[in-house]
file target.cif (mmCIF, C-alpha atoms and all ligand atoms)
data_query
#
loop_
_atom_site.label_atom_id
_atom_site.label_comp_id
_atom_site.auth_asym_id
_atom_site.auth_seq_id
_atom_site.Cartn_x
_atom_site.Cartn_y
_atom_site.Cartn_z
CA MET U 20 -20.27 -3.24 5.11
CA SER U 21 -17.16 -1.10 5.41
CA ALA U 22 -13.88 -2.42 3.99
CA LEU U 23 -11.93 -1.27 7.02
CA VAL U 24 -13.04 0.04 10.40
CA VAL U 25 -10.29 1.35 12.67
CA SER U 26 -11.49 2.06 16.21
CA ASP U 27 -9.48 3.89 18.84
CA VAL U 28 -6.17 2.47 17.68
CA SER U 29 -3.10 3.45 19.67
CA ARG U 30 0.55 2.47 19.47
CA ASN U 31 3.48 3.67 21.49
CA PHE U 32 7.19 3.02 21.13
CA GLY U 33 8.72 3.43 24.56
CA GLY U 34 7.77 6.98 25.50
CA VAL U 35 6.72 7.98 21.95
CA GLN U 36 2.97 7.95 21.34
CA ALA U 37 3.09 7.21 17.59
CA LEU U 38 -0.72 6.77 17.36
CA SER U 39 -3.31 7.99 19.88
CA ASN U 40 -6.88 6.76 19.67
CA VAL U 41 -7.18 6.95 15.89
CA SER U 42 -10.55 5.96 14.42
CA MET U 43 -11.35 5.93 10.72
CA THR U 44 -13.40 4.00 8.18
CA ALA U 45 -12.74 3.08 4.55
CA GLU U 46 -15.70 2.13 2.36
CA PRO U 47 -15.41 -0.50 -0.41
CA GLY U 48 -13.77 0.93 -3.53
CA GLU U 49 -12.76 4.11 -1.76
CA ARG U 50 -9.51 5.94 -2.52
CA HIS U 51 -8.66 7.03 0.99
CA LEU U 52 -5.63 9.27 1.38
CA ILE U 53 -3.67 9.57 4.61
CA ILE U 54 -1.72 12.79 4.92
CA GLY U 55 0.22 14.57 7.66
CA PRO U 56 3.71 15.92 8.42
CA ASN U 57 6.79 13.71 8.99
CA GLY U 58 6.45 11.59 12.10
CA ALA U 59 2.64 11.99 12.17
CA GLY U 60 2.13 8.23 12.55
CA LYS U 61 1.06 7.40 8.97
CA THR U 62 3.41 4.46 8.41
CA THR U 63 2.77 3.26 11.97
CA LEU U 64 -0.95 3.16 11.13
CA PHE U 65 -0.16 0.93 8.12
CA ASN U 66 2.09 -1.28 10.27
CA VAL U 67 -0.71 -1.72 12.80
CA LEU U 68 -3.24 -2.46 10.01
CA THR U 69 -1.02 -5.15 8.47
CA GLY U 70 -0.03 -6.60 11.86
CA THR U 71 3.67 -5.75 11.49
CA PHE U 72 3.26 -4.02 14.87
CA ALA U 73 0.61 -4.95 17.42
CA ALA U 74 -1.73 -2.14 18.43
CA SER U 75 -1.28 -0.98 22.03
CA GLY U 76 -5.06 -0.49 22.09
CA GLY U 77 -8.11 -0.42 19.84
CA SER U 78 -9.37 -2.70 17.08
CA VAL U 79 -9.31 -3.18 13.31
CA LEU U 80 -12.13 -4.78 11.30
CA LEU U 81 -11.56 -5.98 7.72
CA PHE U 82 -14.95 -6.42 6.01
CA GLY U 83 -16.52 -6.92 9.43
CA ARG U 84 -13.98 -9.41 10.67
CA ASP U 85 -11.88 -8.49 13.71
CA ILE U 86 -8.26 -8.88 12.58
CA THR U 87 -6.64 -7.05 15.50
CA GLN U 88 -4.97 -10.17 16.89
CA LEU U 89 -4.14 -11.90 13.59
CA PRO U 90 -0.54 -12.28 12.39
CA PRO U 91 0.44 -10.49 9.14
CA TYR U 92 0.20 -13.56 6.88
CA GLU U 93 -3.39 -14.23 8.01
CA ARG U 94 -4.33 -10.64 7.24
CA ALA U 95 -2.67 -10.98 3.82
CA ARG U 96 -4.67 -14.15 3.20
CA LEU U 97 -7.86 -12.23 4.01
CA GLY U 98 -7.03 -9.73 1.26
CA LEU U 99 -4.86 -7.05 2.81
CA ALA U 100 -1.77 -6.07 0.78
CA ARG U 101 0.75 -3.25 1.01
CA THR U 102 3.69 -1.52 -0.61
CA PHE U 103 6.50 -0.08 1.48
CA GLN U 104 7.95 3.41 1.76
CA ILE U 105 11.18 1.79 0.50
CA THR U 106 11.19 -0.50 -2.54
CA ASN U 107 11.15 -4.17 -1.62
CA LEU U 108 12.30 -6.16 -4.68
CA PHE U 109 14.84 -9.01 -4.76
CA PRO U 110 17.68 -7.14 -6.51
CA ARG U 111 19.36 -10.11 -8.20
CA LEU U 112 16.15 -11.65 -9.55
CA THR U 113 14.59 -10.43 -12.78
CA VAL U 114 11.40 -8.40 -12.76
CA LEU U 115 9.53 -11.45 -14.08
CA GLU U 116 10.98 -13.64 -11.31
CA ASN U 117 9.96 -11.08 -8.68
CA VAL U 118 6.40 -11.18 -10.04
CA LEU U 119 6.49 -15.01 -10.16
CA LEU U 120 7.53 -15.14 -6.51
CA ALA U 121 4.71 -12.82 -5.48
CA LEU U 122 2.17 -14.90 -7.40
CA GLN U 123 3.63 -18.12 -6.03
CA ALA U 124 3.37 -16.79 -2.47
CA ALA U 125 -0.31 -16.01 -3.07
CA ASP U 126 -0.99 -19.39 -4.69
CA THR U 127 -2.78 -21.57 -2.17
CA SER U 128 -2.16 -24.93 -3.83
CA ALA U 129 0.46 -26.68 -1.71
CA PHE U 130 2.19 -28.34 -4.67
CA SER U 131 3.22 -25.03 -6.16
CA LEU U 132 5.80 -24.62 -3.42
CA TYR U 133 7.74 -27.59 -4.74
CA ARG U 134 7.74 -26.60 -8.38
CA ARG U 135 10.46 -24.58 -9.98
CA LEU U 136 9.43 -20.97 -10.49
CA ARG U 137 9.19 -21.00 -14.27
CA ALA U 138 7.77 -24.53 -14.42
CA ASN U 139 4.41 -23.50 -12.96
CA VAL U 140 2.74 -22.75 -16.29
CA PRO U 141 -0.46 -21.00 -15.12
CA VAL U 142 1.49 -18.79 -12.73
CA PHE U 143 4.09 -18.06 -15.41
CA ARG U 144 1.34 -17.03 -17.86
CA ARG U 145 -0.31 -14.80 -15.28
CA ALA U 146 3.02 -13.09 -14.46
CA LYS U 147 3.65 -12.39 -18.16
CA ALA U 148 0.09 -11.13 -18.58
CA LEU U 149 0.42 -8.78 -15.60
CA LEU U 150 3.63 -7.28 -17.00
CA ASP U 151 2.03 -6.98 -20.47
CA ASP U 152 -1.13 -5.35 -19.10
CA TRP U 153 0.87 -2.78 -17.19
CA ASP U 154 3.26 -2.08 -20.08
CA LEU U 155 6.32 -3.50 -18.34
CA ALA U 156 7.09 -6.42 -20.68
CA ALA U 157 10.22 -4.62 -21.93
CA ILE U 158 11.89 -4.88 -18.51
CA ALA U 159 10.69 -8.42 -17.65
CA GLU U 160 14.11 -10.02 -18.11
CA LYS U 161 16.14 -7.27 -16.46
CA THR U 162 17.24 -7.78 -12.88
CA ALA U 163 15.61 -5.54 -10.29
CA LYS U 164 18.92 -3.82 -9.60
CA GLU U 165 19.27 -2.84 -13.30
CA ILE U 166 15.97 -0.97 -13.63
CA SER U 167 15.32 2.67 -12.73
CA TYR U 168 13.82 3.76 -9.43
CA GLY U 169 10.60 4.74 -11.19
CA GLU U 170 10.37 1.28 -12.77
CA LYS U 171 10.99 -0.32 -9.36
CA ARG U 172 8.04 1.56 -7.89
CA GLN U 173 5.86 0.33 -10.77
CA VAL U 174 6.95 -3.26 -10.14
CA ASP U 175 6.28 -2.79 -6.39
CA LEU U 176 2.71 -1.94 -7.34
CA ILE U 177 2.40 -5.02 -9.58
CA LEU U 178 3.65 -7.26 -6.75
CA ALA U 179 1.09 -5.78 -4.36
CA ILE U 180 -1.83 -6.38 -6.76
CA ALA U 181 -0.59 -9.83 -7.87
CA ALA U 182 -2.48 -11.53 -5.06
CA ARG U 183 -5.72 -9.71 -6.03
CA PRO U 184 -6.08 -7.93 -2.68
CA LYS U 185 -9.34 -6.47 -1.42
CA VAL U 186 -7.62 -3.66 0.45
CA LEU U 187 -4.32 -2.19 -0.73
CA LEU U 188 -2.11 0.07 1.40
CA LEU U 189 0.31 2.28 -0.55
CA ASP U 190 2.99 4.07 1.47
CA GLU U 191 4.22 7.09 -0.53
CA PRO U 192 4.27 5.27 -3.89
CA ILE U 193 5.50 8.35 -5.81
CA ALA U 194 8.06 9.77 -3.37
CA GLY U 195 11.37 10.48 -5.10
CA LEU U 196 10.05 10.03 -8.65
CA SER U 197 10.61 12.41 -11.58
CA ALA U 198 7.63 14.38 -12.90
CA ALA U 199 7.21 11.94 -15.81
CA GLU U 200 7.38 8.93 -13.50
CA VAL U 201 4.81 10.50 -11.16
CA VAL U 202 2.41 10.83 -14.10
CA ARG U 203 2.98 7.18 -14.96
CA VAL U 204 2.55 5.77 -11.43
CA VAL U 205 -0.45 7.99 -10.62
CA GLY U 206 -1.94 6.75 -13.90
CA MET U 207 -1.43 3.16 -12.76
CA ILE U 208 -3.11 3.87 -9.41
CA ARG U 209 -6.05 5.48 -11.20
CA ARG U 210 -6.38 2.38 -13.40
CA LEU U 211 -6.57 -0.06 -10.47
CA PRO U 212 -10.01 -1.69 -10.38
CA ARG U 213 -12.59 -0.33 -7.95
CA GLU U 214 -12.89 -3.81 -6.42
CA ILE U 215 -9.71 -2.82 -4.62
CA THR U 216 -10.14 -0.39 -1.75
CA ILE U 217 -7.04 1.80 -1.53
CA LEU U 218 -5.47 3.56 1.43
CA MET U 219 -2.56 5.71 0.33
CA ILE U 220 -0.07 7.82 2.25
CA GLU U 221 0.98 10.86 0.23
CA HIS U 222 2.96 14.04 0.92
CA ASP U 223 2.13 15.88 -2.31
CA MET U 224 -1.17 17.64 -1.63
CA ASP U 225 -2.02 18.12 -5.33
CA VAL U 226 -1.70 14.37 -5.95
CA ALA U 227 -3.61 13.59 -2.74
CA PHE U 228 -6.46 15.91 -3.71
CA GLU U 229 -6.49 14.52 -7.27
CA LEU U 230 -6.86 10.89 -6.20
CA ALA U 231 -8.86 11.07 -2.99
CA ASP U 232 -12.49 10.29 -2.34
CA ARG U 233 -11.73 10.88 1.31
CA ILE U 234 -8.76 12.16 3.32
CA THR U 235 -7.64 11.49 6.87
CA VAL U 236 -5.13 13.92 8.37
CA LEU U 237 -2.78 12.78 11.13
CA HIS U 238 -0.59 15.03 13.24
CA GLN U 239 1.61 13.87 16.13
CA GLY U 240 -0.21 10.55 16.27
CA ARG U 241 -3.68 12.07 16.42
CA LEU U 242 -6.41 12.29 13.81
CA ILE U 243 -7.06 16.00 13.34
CA ALA U 244 -9.36 15.96 10.30
CA ASP U 245 -11.28 13.45 8.20
CA GLY U 246 -13.50 14.28 5.24
CA ASP U 247 -13.82 14.78 1.50
CA VAL U 248 -11.41 16.92 -0.52
CA ALA U 249 -13.42 20.13 -0.11
CA ALA U 250 -13.65 19.70 3.65
CA ILE U 251 -9.91 19.09 4.03
CA ARG U 252 -9.00 21.99 1.70
CA ASN U 253 -11.04 24.35 3.85
CA ASP U 254 -10.03 23.00 7.25
CA PRO U 255 -8.20 25.77 9.16
CA GLN U 256 -6.39 23.31 11.44
CA VAL U 257 -5.01 21.41 8.43
CA ALA U 258 -3.84 24.67 6.82
CA GLU U 259 -2.15 25.68 10.05
CA ILE U 260 -0.23 22.39 10.34
CA TYR U 261 1.03 22.59 6.77
CA LEU U 262 1.95 26.26 6.94
CA GLY U 263 3.54 25.71 10.35
CA ALA U 264 5.51 22.69 9.08
CA ASP U 265 7.45 24.75 6.52
N1 LIG U 301 9.82 0.91 15.01
C1 LIG U 301 9.82 2.07 15.69
N2 LIG U 301 10.50 2.20 16.84
C2 LIG U 301 10.50 3.36 17.52
N3 LIG U 301 9.84 4.46 17.14
C3 LIG U 301 9.14 4.40 15.99
C4 LIG U 301 9.09 3.20 15.20
N4 LIG U 301 8.32 3.44 14.11
C5 LIG U 301 7.91 4.71 14.22
N5 LIG U 301 8.39 5.29 15.35
C6 LIG U 301 8.13 6.68 15.79
O1 LIG U 301 6.73 6.90 15.71
C7 LIG U 301 6.46 8.21 15.20
C8 LIG U 301 5.63 8.08 13.93
O2 LIG U 301 6.45 7.53 12.90
P1 LIG U 301 5.87 7.13 11.47
O3 LIG U 301 6.95 6.45 10.74
O4 LIG U 301 4.59 6.41 11.63
O5 LIG U 301 5.57 8.57 10.83
P2 LIG U 301 5.13 8.95 9.34
O6 LIG U 301 3.90 9.78 9.47
O7 LIG U 301 5.06 7.75 8.48
O8 LIG U 301 6.33 9.92 8.90
P3 LIG U 301 7.03 10.11 7.45
O9 LIG U 301 6.16 11.10 6.72
O10 LIG U 301 8.34 10.72 7.80
O11 LIG U 301 7.14 8.78 6.78
C9 LIG U 301 7.81 8.87 14.99
O12 LIG U 301 8.10 9.63 16.14
C10 LIG U 301 8.75 7.70 14.86
O13 LIG U 301 10.04 8.06 15.27
MG MG U 302 6.06 7.13 6.79
#
call {"tool": "encode", "arguments": {"input": "target.cif", "output": "structure tokens"}}
result
Amino acid sequence: MSALVVSDVSRNFGGVQALSNVSMTAEPGERHLIIGPNGAGKTTLFNVLTGTFAASGGSVLLFGRDITQLPPYERARLGLARTFQITNLFPRLTVLENVLLALQAADTSAFSLYRRLRANVPVFRRAKALLDDWDLAAIAEKTAKEISYGEKRQVDLILAIAARPKVLLLDEPIAGLSAAEVVRVVGMIRRLPREITILMIEHDMDVAFELADRITVLHQGRLIADGDVAAIRNDPQVAEIYLGAD
């Protein structure tokens, strides 16, 4: 069964057709890259998948279940997680506290809501372990506003995987990073377990080609190409859009 089946999804904003009849499929474990010029509809596709915006038409199946009408928190509960194009941390909380909050939000036991953040021992241990595993223990007690932008993007990724999602949507996770930070964050993405299906929006073609099992190309709200790296590299329409865009 496919992880995600998007059928004929459309979304307009007033007169702007941000997505027009887009259909695509992501298989379990796939690294599926979404590329396309600015304004192509990439983030809108993510917003429709997560339920942030309702689709104007079409349907979305998550592991065979129709989630098109579900609110965002229900979709999250079914295993859909995302990171945003802009970092989303609580600036005055420490990195550890940000991770604790994400874990707490994913914790289904009702009592956890009433406990103080650091008093929930299993959650506290898991937060520490996550930061250790991903080599971020050194910044655990710094506030989110004190850490570098590259570190913020790494913590964003930790928050998104904290709930052990089945499908993870990454919206330009390396945009604005230095070369060294790109290496680090791409390394983290490569290390994510294959139990997680990943859809990732990326502008850098080299990074997209490096990570992708499959690539979907959007342009002006329409899907113009979909295939493996070789197919997309050799697609004349894709080349034309990228040459035309500069
Ligand atoms: N909330 C909104 N209200 C109105 N128009 C929107 C909204 N979100 C997106 N749009 C419009 O929909 C189109 C697609 O935008 P979207 O953000 O999905 O593009 P994108 O491919 O993610 O671009 P970028 O590479 O710049 O992030 C654009 O014309 C944009 O202005
Ligand atoms: Mg975008």
call {"tool": "closest_atom_pairs", "arguments": {"input": "target.cif", "of": "chain U", "to": "ligand MG 302 (chain U)", "cutoff": "9 Å", "atoms": "all atoms listed in the file", "output": "JSON lines"}}
result
{"residue": "U:Asn57", "atom": "CA", "partner": "U:MG302", "partner_atom": "MG", "distance": 7.0}
{"residue": "U:Gly58", "atom": "CA", "partner": "U:MG302", "partner_atom": "MG", "distance": 6.9}
{"residue": "U:Ala59", "atom": "CA", "partner": "U:MG302", "partner_atom": "MG", "distance": 8.0}
{"residue": "U:Gly60", "atom": "CA", "partner": "U:MG302", "partner_atom": "MG", "distance": 7.1}
{"residue": "U:Lys61", "atom": "CA", "partner": "U:MG302", "partner_atom": "MG", "distance": 5.5}
{"residue": "U:Thr62", "atom": "CA", "partner": "U:MG302", "partner_atom": "MG", "distance": 4.1}
{"residue": "U:Thr63", "atom": "CA", "partner": "U:MG302", "partner_atom": "MG", "distance": 7.3}
{"residue": "U:Phe65", "atom": "CA", "partner": "U:MG302", "partner_atom": "MG", "distance": 8.9}
{"residue": "U:Phe103", "atom": "CA", "partner": "U:MG302", "partner_atom": "MG", "distance": 9.0}
{"residue": "U:Gln104", "atom": "CA", "partner": "U:MG302", "partner_atom": "MG", "distance": 6.5}
{"residue": "U:Asp190", "atom": "CA", "partner": "U:MG302", "partner_atom": "MG", "distance": 6.9}
{"residue": "U:Glu191", "atom": "CA", "partner": "U:MG302", "partner_atom": "MG", "distance": 7.5}
{"residue": "U:Ile220", "atom": "CA", "partner": "U:MG302", "partner_atom": "MG", "distance": 7.7}
call {"tool": "atom_distance", "arguments": {"input": "target.cif", "atom1": "CA of Leu122 in chain U", "atom2": "CA of Ile180 in chain U"}}
result
9.4 Å
call {"tool": "closest_residue", "arguments": {"input": "target.cif", "among": "U:Gln88, U:Ser167, U:Thr69, U:Thr162", "to": "Leu187 in chain U", "atoms": "all atoms listed in the file"}}
result
U:Thr69
call {"tool": "closest_atom_pairs", "arguments": {"input": "target.cif", "of": "chain U", "to": "ligand LIG 301 (chain U)", "cutoff": "12 Å", "atoms": "all atoms listed in the file", "output": "Markdown table"}}
result
| residue | atom | partner | partner_atom | distance |
| --- | --- | --- | --- | --- |
| U:Ser29 | CA | U:LIG301 | O1 | 11.1 |
| U:Arg30 | CA | U:LIG301 | O1 | 8.5 |
| U:Asn31 | CA | U:LIG301 | O1 | 7.4 |
| U:Phe32 | CA | U:LIG301 | C2 | 4.9 |
| U:Gly33 | CA | U:LIG301 | C2 | 7.3 |
| U:Gly34 | CA | U:LIG301 | N3 | 9.0 |
| U:Val35 | CA | U:LIG301 | O12 | 6.2 |
| U:Gln36 | CA | U:LIG301 | O1 | 6.9 |
| U:Ala37 | CA | U:LIG301 | O1 | 4.1 |
| U:Leu38 | CA | U:LIG301 | C8 | 7.3 |
| U:Ser39 | CA | U:LIG301 | C8 | 10.7 |
| U:Ile53 | CA | U:LIG301 | O6 | 9.0 |
| U:Ile54 | CA | U:LIG301 | O6 | 7.8 |
| U:Gly55 | CA | U:LIG301 | O6 | 6.3 |
| U:Pro56 | CA | U:LIG301 | O9 | 5.7 |
| U:Asn57 | CA | U:LIG301 | O9 | 3.5 |
| U:Gly58 | CA | U:LIG301 | O5 | 3.4 |
| U:Ala59 | CA | U:LIG301 | O6 | 3.7 |
| U:Gly60 | CA | U:LIG301 | O4 | 3.2 |
| U:Lys61 | CA | U:LIG301 | O6 | 3.7 |
| U:Thr62 | CA | U:LIG301 | O7 | 3.7 |
| U:Thr63 | CA | U:LIG301 | O4 | 3.7 |
| U:Leu64 | CA | U:LIG301 | O4 | 6.4 |
| U:Phe65 | CA | U:LIG301 | O4 | 8.1 |
| U:Asn66 | CA | U:LIG301 | O4 | 8.2 |
| U:Val67 | CA | U:LIG301 | O4 | 9.8 |
| U:Leu68 | CA | U:LIG301 | O4 | 11.9 |
| U:Thr71 | CA | U:LIG301 | N1 | 9.7 |
| U:Phe72 | CA | U:LIG301 | N1 | 8.2 |
| U:Ala73 | CA | U:LIG301 | N1 | 11.2 |
| U:Phe103 | CA | U:LIG301 | O11 | 10.3 |
| U:Gln104 | CA | U:LIG301 | O11 | 7.4 |
| U:Ile105 | CA | U:LIG301 | O11 | 10.2 |
| U:Leu189 | CA | U:LIG301 | O7 | 11.6 |
| U:Asp190 | CA | U:LIG301 | O7 | 8.2 |
| U:Glu191 | CA | U:LIG301 | O11 | 8.1 |
| U:Pro192 | CA | U:LIG301 | O11 | 11.6 |
| U:Ala194 | CA | U:LIG301 | O11 | 10.2 |
| U:Met219 | CA | U:LIG301 | O7 | 11.3 |
| U:Ile220 | CA | U:LIG301 | O7 | 8.1 |
| U:Glu221 | CA | U:LIG301 | O9 | 8.3 |
| U:His222 | CA | U:LIG301 | O9 | 7.2 |
| U:Asp223 | CA | U:LIG301 | O9 | 11.0 |
| U:Thr235 | CA | U:LIG301 | O6 | 12.0 |
| U:Val236 | CA | U:LIG301 | O6 | 10.0 |
| U:Leu237 | CA | U:LIG301 | O6 | 7.5 |
| U:His238 | CA | U:LIG301 | O6 | 7.9 |
| U:Gln239 | CA | U:LIG301 | C8 | 7.4 |
| U:Gly240 | CA | U:LIG301 | C8 | 6.8 |
| U:Arg241 | CA | U:LIG301 | C8 | 10.4 |
| U:Leu242 | CA | U:LIG301 | O6 | 11.5 |
| U:Ala264 | CA | U:LIG301 | O9 | 11.8 |
call {"tool": "residues_around", "arguments": {"input": "target.cif", "residues": "Gly48 in chain U", "least_positions_apart": "6", "cutoff": "8 Å", "atoms": "only C-alpha atoms", "output": "ChimeraX atom specification"}}
result
/U:213-217
call {"tool": "closest_residue", "arguments": {"input": "target.cif", "among": "U:Ala250, U:Gln256, U:Leu112, U:Pro212", "to": "Pro47 in chain U", "atoms": "all atoms listed in the file"}}
result
U:Pro212
call {"tool": "atom_distance", "arguments": {"input": "target.cif", "atom1": "CA of Leu188 in chain U", "atom2": "CA of Met224 in chain U"}}
result
17.9 Å
call {"tool": "atom_distance", "arguments": {"input": "target.cif", "atom1": "CA of Val226 in chain U", "atom2": "CA of Ser26 in chain U"}}
result
27.2 Å
call {"tool": "closest_residue", "arguments": {"input": "target.cif", "among": "U:Ala182, U:Ile158, U:Ala121, U:Met20", "to": "Arg96 in chain U", "atoms": "all atoms listed in the file"}}
result
U:Ala182
call {"tool": "closest_residue", "arguments": {"input": "target.cif", "among": "U:Lys171, U:Glu93, U:Val248, U:Ile177", "to": "Leu119 in chain U", "atoms": "all atoms listed in the file"}}
result
U:Ile177
